[in-house]
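Colleague: The structure follows.
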Amino acid sequence: MLTTGFKLWFGVFTAAVGAAVFAGYTSGGDETGPLSLAWKGAVGNHFSYGLFVTAAAVALALAIFSVAFRDGDAEAAAELLGTDEAPPAQRPVGGSWWPVFAALGVGATAVGVVVHPAVFVTGICIVAAVAVEWTMTNWSEKVSGDAAHNAAQREKLVRPVEIPVLGTLGVGVLVLAVSRVLLASSVDGAVLVATVVGVVIFGGAIFISRNPSLPRGLVQGVLLLGFLAVIVAGIVTAATGEREFHHKGGGGHATETHAGDGH
Amino acid sequence: MTDTSLETVDATALERVVTSTDANTLGRYWLGAGSLALLASLVAGVLVALERLDLSGAEVFGSADEVFQFWSAHRVGLVLLAVVPILVGLGTAVAPRQVGTDTVAFPRMAAFSFWTWLLGAGTTITGFLIDGGLGAPDAGSQRQAVALTMVGLLMAIVGLLGATVSLLTTIVAGRVPGLTLRRIPLFSWTLLVSGTFWLLTLPVLAANTVLAYVDLRGRPAVRFGAEDAIWEQLSWAFTHPQVYAFALPLVGIAFDVVPVSVRSRLANHDVVLALTGALGVLGFGAYAQTFFDTPGTPIMREAIYVVDAFAAAVVALALVGGLADTLRRGAANLGGRPPAPMVLSVLSMLLLLGAGVAGALRAVDPLDLLGTSATGAQMTLTIGAALVGAMAGTLWWGDRIFGKSSSQGLGLLAGLAAVVGVLLVGAADLVSGFLGQADFTGASVAAAGSPDSGVDGLNAVALVGVVLVLVGALGWFANGIKRLTGAPAPADPWGGHTLEWADDPSSVEVTSERPLLDARQTEGASA
């Protein structure tokens, strides 16, 4: 019996083939071109024809998969597994940091393509790190049926690596972003920014260490906002560009000094 | 089973927000972020409508290029950053329940998709705001900012694709025993159909964006087209027929809401399955790219495009007919005050029909409406219909999604404001198209197509319309905020027919497309 999914996607396939032939013929093709995939004859508007044919191929593949796996019906899955009841479709997995980190990595990679190669490389590093971490998480979840044991196994294997690597990455991103801000500011402004940022970080750290009862969420929120502010400032200043640098002596090996005019 | 890395034991509120992979929570995120993007898009739309009050110059903006940036931002924002994400949010929260499961397939990927889309949306908006957008870079836009807009758009597309894969896999592989694809609720079915076409067409849009990016940044040797024709390469996604594929879930919302509201079964369930499948096929718009027109007849004047436009109108009419039949048969059960979601979902279907008519008129060659504001009218009516449908959907399923009640009266008022606004914009722009006003009016009368007299008044009507849609969206947003602090909602306020209203879907025997109604009727018969 043909399944509903097969009917849907085979219908899409049929419609796409029909549209391809119709479009190919009515846009300047001849009698044989649209029917022979242009092996013989012309298909008129190649772009439209090509897209319709591609859509038809994808829909046909979906239709075949759909009928082969009986639309993924629970009864068919149970029959395949030889069990009385269908297996759970998807178990809840709980909270995970990897999706948001992966998105940040992809975002940094994409934005880095535009604003600065260093941001791009940072993004690639984040994506690579998250790929390893995410894989380890999935592996550890299948070690046993005991979540606590799985967590211990994972930590034993990964923690010695991830803490120094993530720390280095975090520091690197911050250094990069702050350096973009300093390079875009005037000389006096850069001194001011460096002083203020340094005092805020140092003062904040002292304040947090002297108040261990501060709510963890508050500390995390402040740190996250600060981190995001530095990143955004770094991206914006990287996009707007550095200030002009004036070279003393004009030679290629002359000592570089800043004019200090802020322009 | 919890994630065993960077553990969230005793997680703070912030950690719970950022790390959640729960389908319902992710659905709320999509809804919230999409509605904020909706407000931003509509503000851009209001500014553009203000600019159109005087076609002879750029009064609100500094130049024609800036007008174009906001004009294109309004369209891109409305479709890819607002309405489609809102529908994805509704789907993420509702579709798993409709098929009897409590989570989406690939929940971490679903979370990744949301965050990627969010970052992409933020980057796109930033690109528009810092003098970028999708205009010609030499016309004033900064090249870096234009490039930033495009990578933001790419990220948003990637996020939408990931969420769609997760949703479709849930619908196909997550169903409880007995719930065949033929029996799934129509909202899930239309998500399956439209999602198929999103997966077929959004990668094409992504490829267009990559080509345009390479043209912008690449060396002459790798140029594919023209760097000053970015919008021309992307515009197909924001016009007929592609907008039907984006708006299709509104049909599912209407056909889920109306039968329950009138306490009646849908007479021709299978016909509706087939018609929505057909509308999805007709919404495949990737082929209609004017940028790749071959010498000869432009694609929008070719037979396939014209047939597509008329067929879509006929299918929309048939769907409205099916809905009207259900309403007629259940009219006696309706009572004096029909539920707000039902009113809005019926109106959204009528707007879709209006969009179909506008699309068909636009495709009639002798009327010469291609390139006129009739193009915008068709887009506004279709995407506006989807927005109103989404408003109906959040009113209908909101109690289940948020666990708290909202004001049905405020929701209805907000929806009606949006309906009237969409209708005003659509009608005014359609008539302006007949008078020769260009789709993008620029900053001079010549750029606006030197239209006949009368368009000034129509543009004023369109401005009122956009403001009304904005007011409606604000009301809808306020109602959502109000819901967050509202009273606990009943589990099933409507007497629903499908599994999303069941406390334990696995305990329900599914033998038709309305299992809860079957159970109630069986209980009634045995009593």
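Naming scheme: A, B, ... for chains in displayed order of the structure tokens; residues 1 onward per chain; ligands 1 onward as shown.
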Identify every residue of chain B that has at least one atom within 6 Å of any atom of chain A, counting only C-alpha atoms, and report the result as number ranges by chain.
Modeller: B: 1-4, 12, 19-21, 105, 108, 111-112, 115-116, 151, 172-174, 177, 181-182, 287, 304
Colleague: Atoms to include: C-alpha atoms. Write the selected residues as a PDB file, in the first residue's frame.
Modeller:
```pdb
ATOM      1  CA  MET B   1      18.907  12.354  30.714  1.00  0.00           C
ATOM      2  CA  THR B   2      20.790  15.564  31.254  1.00  0.00           C
ATOM      3  CA  ASP B   3      23.734  16.910  29.416  1.00  0.00           C
ATOM      4  CA  THR B   4      26.835  15.595  31.133  1.00  0.00           C
ATOM      5  CA  THR B  12      20.746  29.553  37.509  1.00  0.00           C
ATOM      6  CA  THR B  19      20.964  26.004  27.682  1.00  0.00           C
ATOM      7  CA  SER B  20      17.357  24.920  27.236  1.00  0.00           C
ATOM      8  CA  THR B  21      16.575  22.248  24.651  1.00  0.00           C
ATOM      9  CA  ALA B 105      13.764  15.404  17.180  1.00  0.00           C
ATOM     10  CA  ARG B 108      20.159  20.269  20.665  1.00  0.00           C
ATOM     11  CA  ALA B 111      18.421  24.959  20.126  1.00  0.00           C
ATOM     12  CA  PHE B 112      21.465  25.582  17.935  1.00  0.00           C
ATOM     13  CA  TRP B 115      20.599  30.759  18.521  1.00  0.00           C
ATOM     14  CA  THR B 116      22.128  30.799  15.043  1.00  0.00           C
ATOM     15  CA  VAL B 151      26.352  37.010   6.238  1.00  0.00           C
ATOM     16  CA  VAL B 172       7.602  12.088  10.367  1.00  0.00           C
ATOM     17  CA  ALA B 173       9.360   9.979  12.991  1.00  0.00           C
ATOM     18  CA  GLY B 174       7.878  11.046  16.316  1.00  0.00           C
ATOM     19  CA  PRO B 177       1.046   4.450  17.253  1.00  0.00           C
ATOM     20  CA  LEU B 181       0.592  10.908   8.378  1.00  0.00           C
ATOM     21  CA  ARG B 182      -2.914  10.961   6.944  1.00  0.00           C
ATOM     22  CA  TYR B 287      12.521  29.087 -10.407  1.00  0.00           C
ATOM     23  CA  ILE B 304       4.510  28.651 -16.139  1.00  0.00           C
TER      24      ILE B 304
END
```
Colleague: Report as a list in words all protein, DNA and RNA residues lying within 12 Å of Ile481 of chain B, evaluated on only C-alpha atoms, omitting residues in the same chain fewer than 5 positions from it.
Modeller: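 These residues fall inside the cut-off: Arg28, Leu31, Gly32, Ser35, Leu36, Gly398, Phe402, Lys404, Ser405, Ser406, Ser407, Leu410, Gly411, Leu474, Gly475, Trp476 and Gly486 of chain B.
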Colleague: Got a sec: who's within 7 Å of segment 233-243 of chain B, counting only C-alpha atoms, leaving out chain neighbours fewer than 6 positions off, as a list in words?
Modeller: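 Contacts, with the query itself left out: Arg75, Leu205, Asn208, Leu282, Gly283, Phe284, Gly285, Ala286, Ala288, Gln289, Phe291, Gly359, Thr375, Met379, Thr382 and Ile383 of chain B.
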Colleague: For the atom pair atom CA of Gln437 of chain B and atom CA of Leu416 of chain B, what is the interatomic distance in Å to one decimal place?
Modeller: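 Value for the atom CA of Gln437 of chain B-atom CA of Leu416 of chain B distance: 28.0 Å.
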Colleague: Quick check, in Å to one decimal: how far apart do atom CA of Val466 of chain B and atom CA of Ala49 of chain B lie?
Modeller: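 Here the two named atoms are 7.5 Å from each other.
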Colleague: Could you tell me how far atom CA of Gly277 of chain B lies from atom CA of Met1 of chain A, in Å and to one decimal?
Modeller: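 That distance, rounded to one decimal, is 20.0 Å.
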Colleague: Report the residues of segment 233-345 of chain B whose backbone DSSP state falls under alpha helix (DSSP H), written as number ranges by chain.
Modeller: B: 233-234, 242-247, 249-261, 269-282, 303-330, 340-345
Colleague: If we count only C-alpha atoms and set the cut-off at 10 Å, which residues sit around Thr237 of chain A, ignoring sequence neighbours fewer than 2 positions away in its own chain? Please answer as number ranges by chain.
Modeller: A: 115, 177-185, 231-235, 239-243
Colleague: With a distance cut-off of 8 Å and only C-alpha atoms, select the neighbouring residues of Gly57 of chain B, excluding the residue or stretch itself and same-chain residues fewer than 2 positions from it, and output the selection as a list in words.
Modeller: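 In the requested form, the answer reads Asp54, Leu55, Glu59, Ala443, Ser444 and Val445 of chain B.
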Colleague: Atoms to include: N, CA and C atoms. Write the selected residues as a PDB file, in the first residue's frame.
Modeller:
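Output file result_3.pdb is given in full below:
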```pdb
ATOM      1  N   ASP B  54       5.305  61.606  -0.374  1.00  0.00           N
ATOM      2  CA  ASP B  54       5.785  62.584  -1.350  1.00  0.00           C
ATOM      3  C   ASP B  54       6.785  61.881  -2.264  1.00  0.00           C
ATOM      4  N   LEU B  55       6.343  61.590  -3.478  1.00  0.00           N
ATOM      5  CA  LEU B  55       7.181  60.803  -4.383  1.00  0.00           C
ATOM      6  C   LEU B  55       8.291  61.621  -5.039  1.00  0.00           C
ATOM      7  N   GLU B  59      12.217  62.764   1.716  1.00  0.00           N
ATOM      8  CA  GLU B  59      11.943  63.688   2.819  1.00  0.00           C
ATOM      9  C   GLU B  59      12.310  63.066   4.163  1.00  0.00           C
ATOM     10  N   ALA B 443      13.223  57.989  -4.917  1.00  0.00           N
ATOM     11  CA  ALA B 443      13.142  59.345  -4.356  1.00  0.00           C
ATOM     12  C   ALA B 443      12.844  60.368  -5.448  1.00  0.00           C
ATOM     13  N   SER B 444      12.177  59.933  -6.491  1.00  0.00           N
ATOM     14  CA  SER B 444      11.754  60.887  -7.522  1.00  0.00           C
ATOM     15  C   SER B 444      10.515  60.333  -8.219  1.00  0.00           C
ATOM     16  N   VAL B 445       9.766  61.226  -8.826  1.00  0.00           N
ATOM     17  CA  VAL B 445       8.538  60.803  -9.505  1.00  0.00           C
ATOM     18  C   VAL B 445       8.873  59.834 -10.647  1.00  0.00           C
TER      19      VAL B 445
END
```
Colleague: Let me make sure I understand: among A:Leu174, A:Ala63, A:Ala42, A:Leu192, which one has the smallest atom-to-atom distance to Ala229 of chain A if we use only C-alpha atoms?
Modeller: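 For Ala229 of chain A, the nearest of the given residues is A:Leu174.
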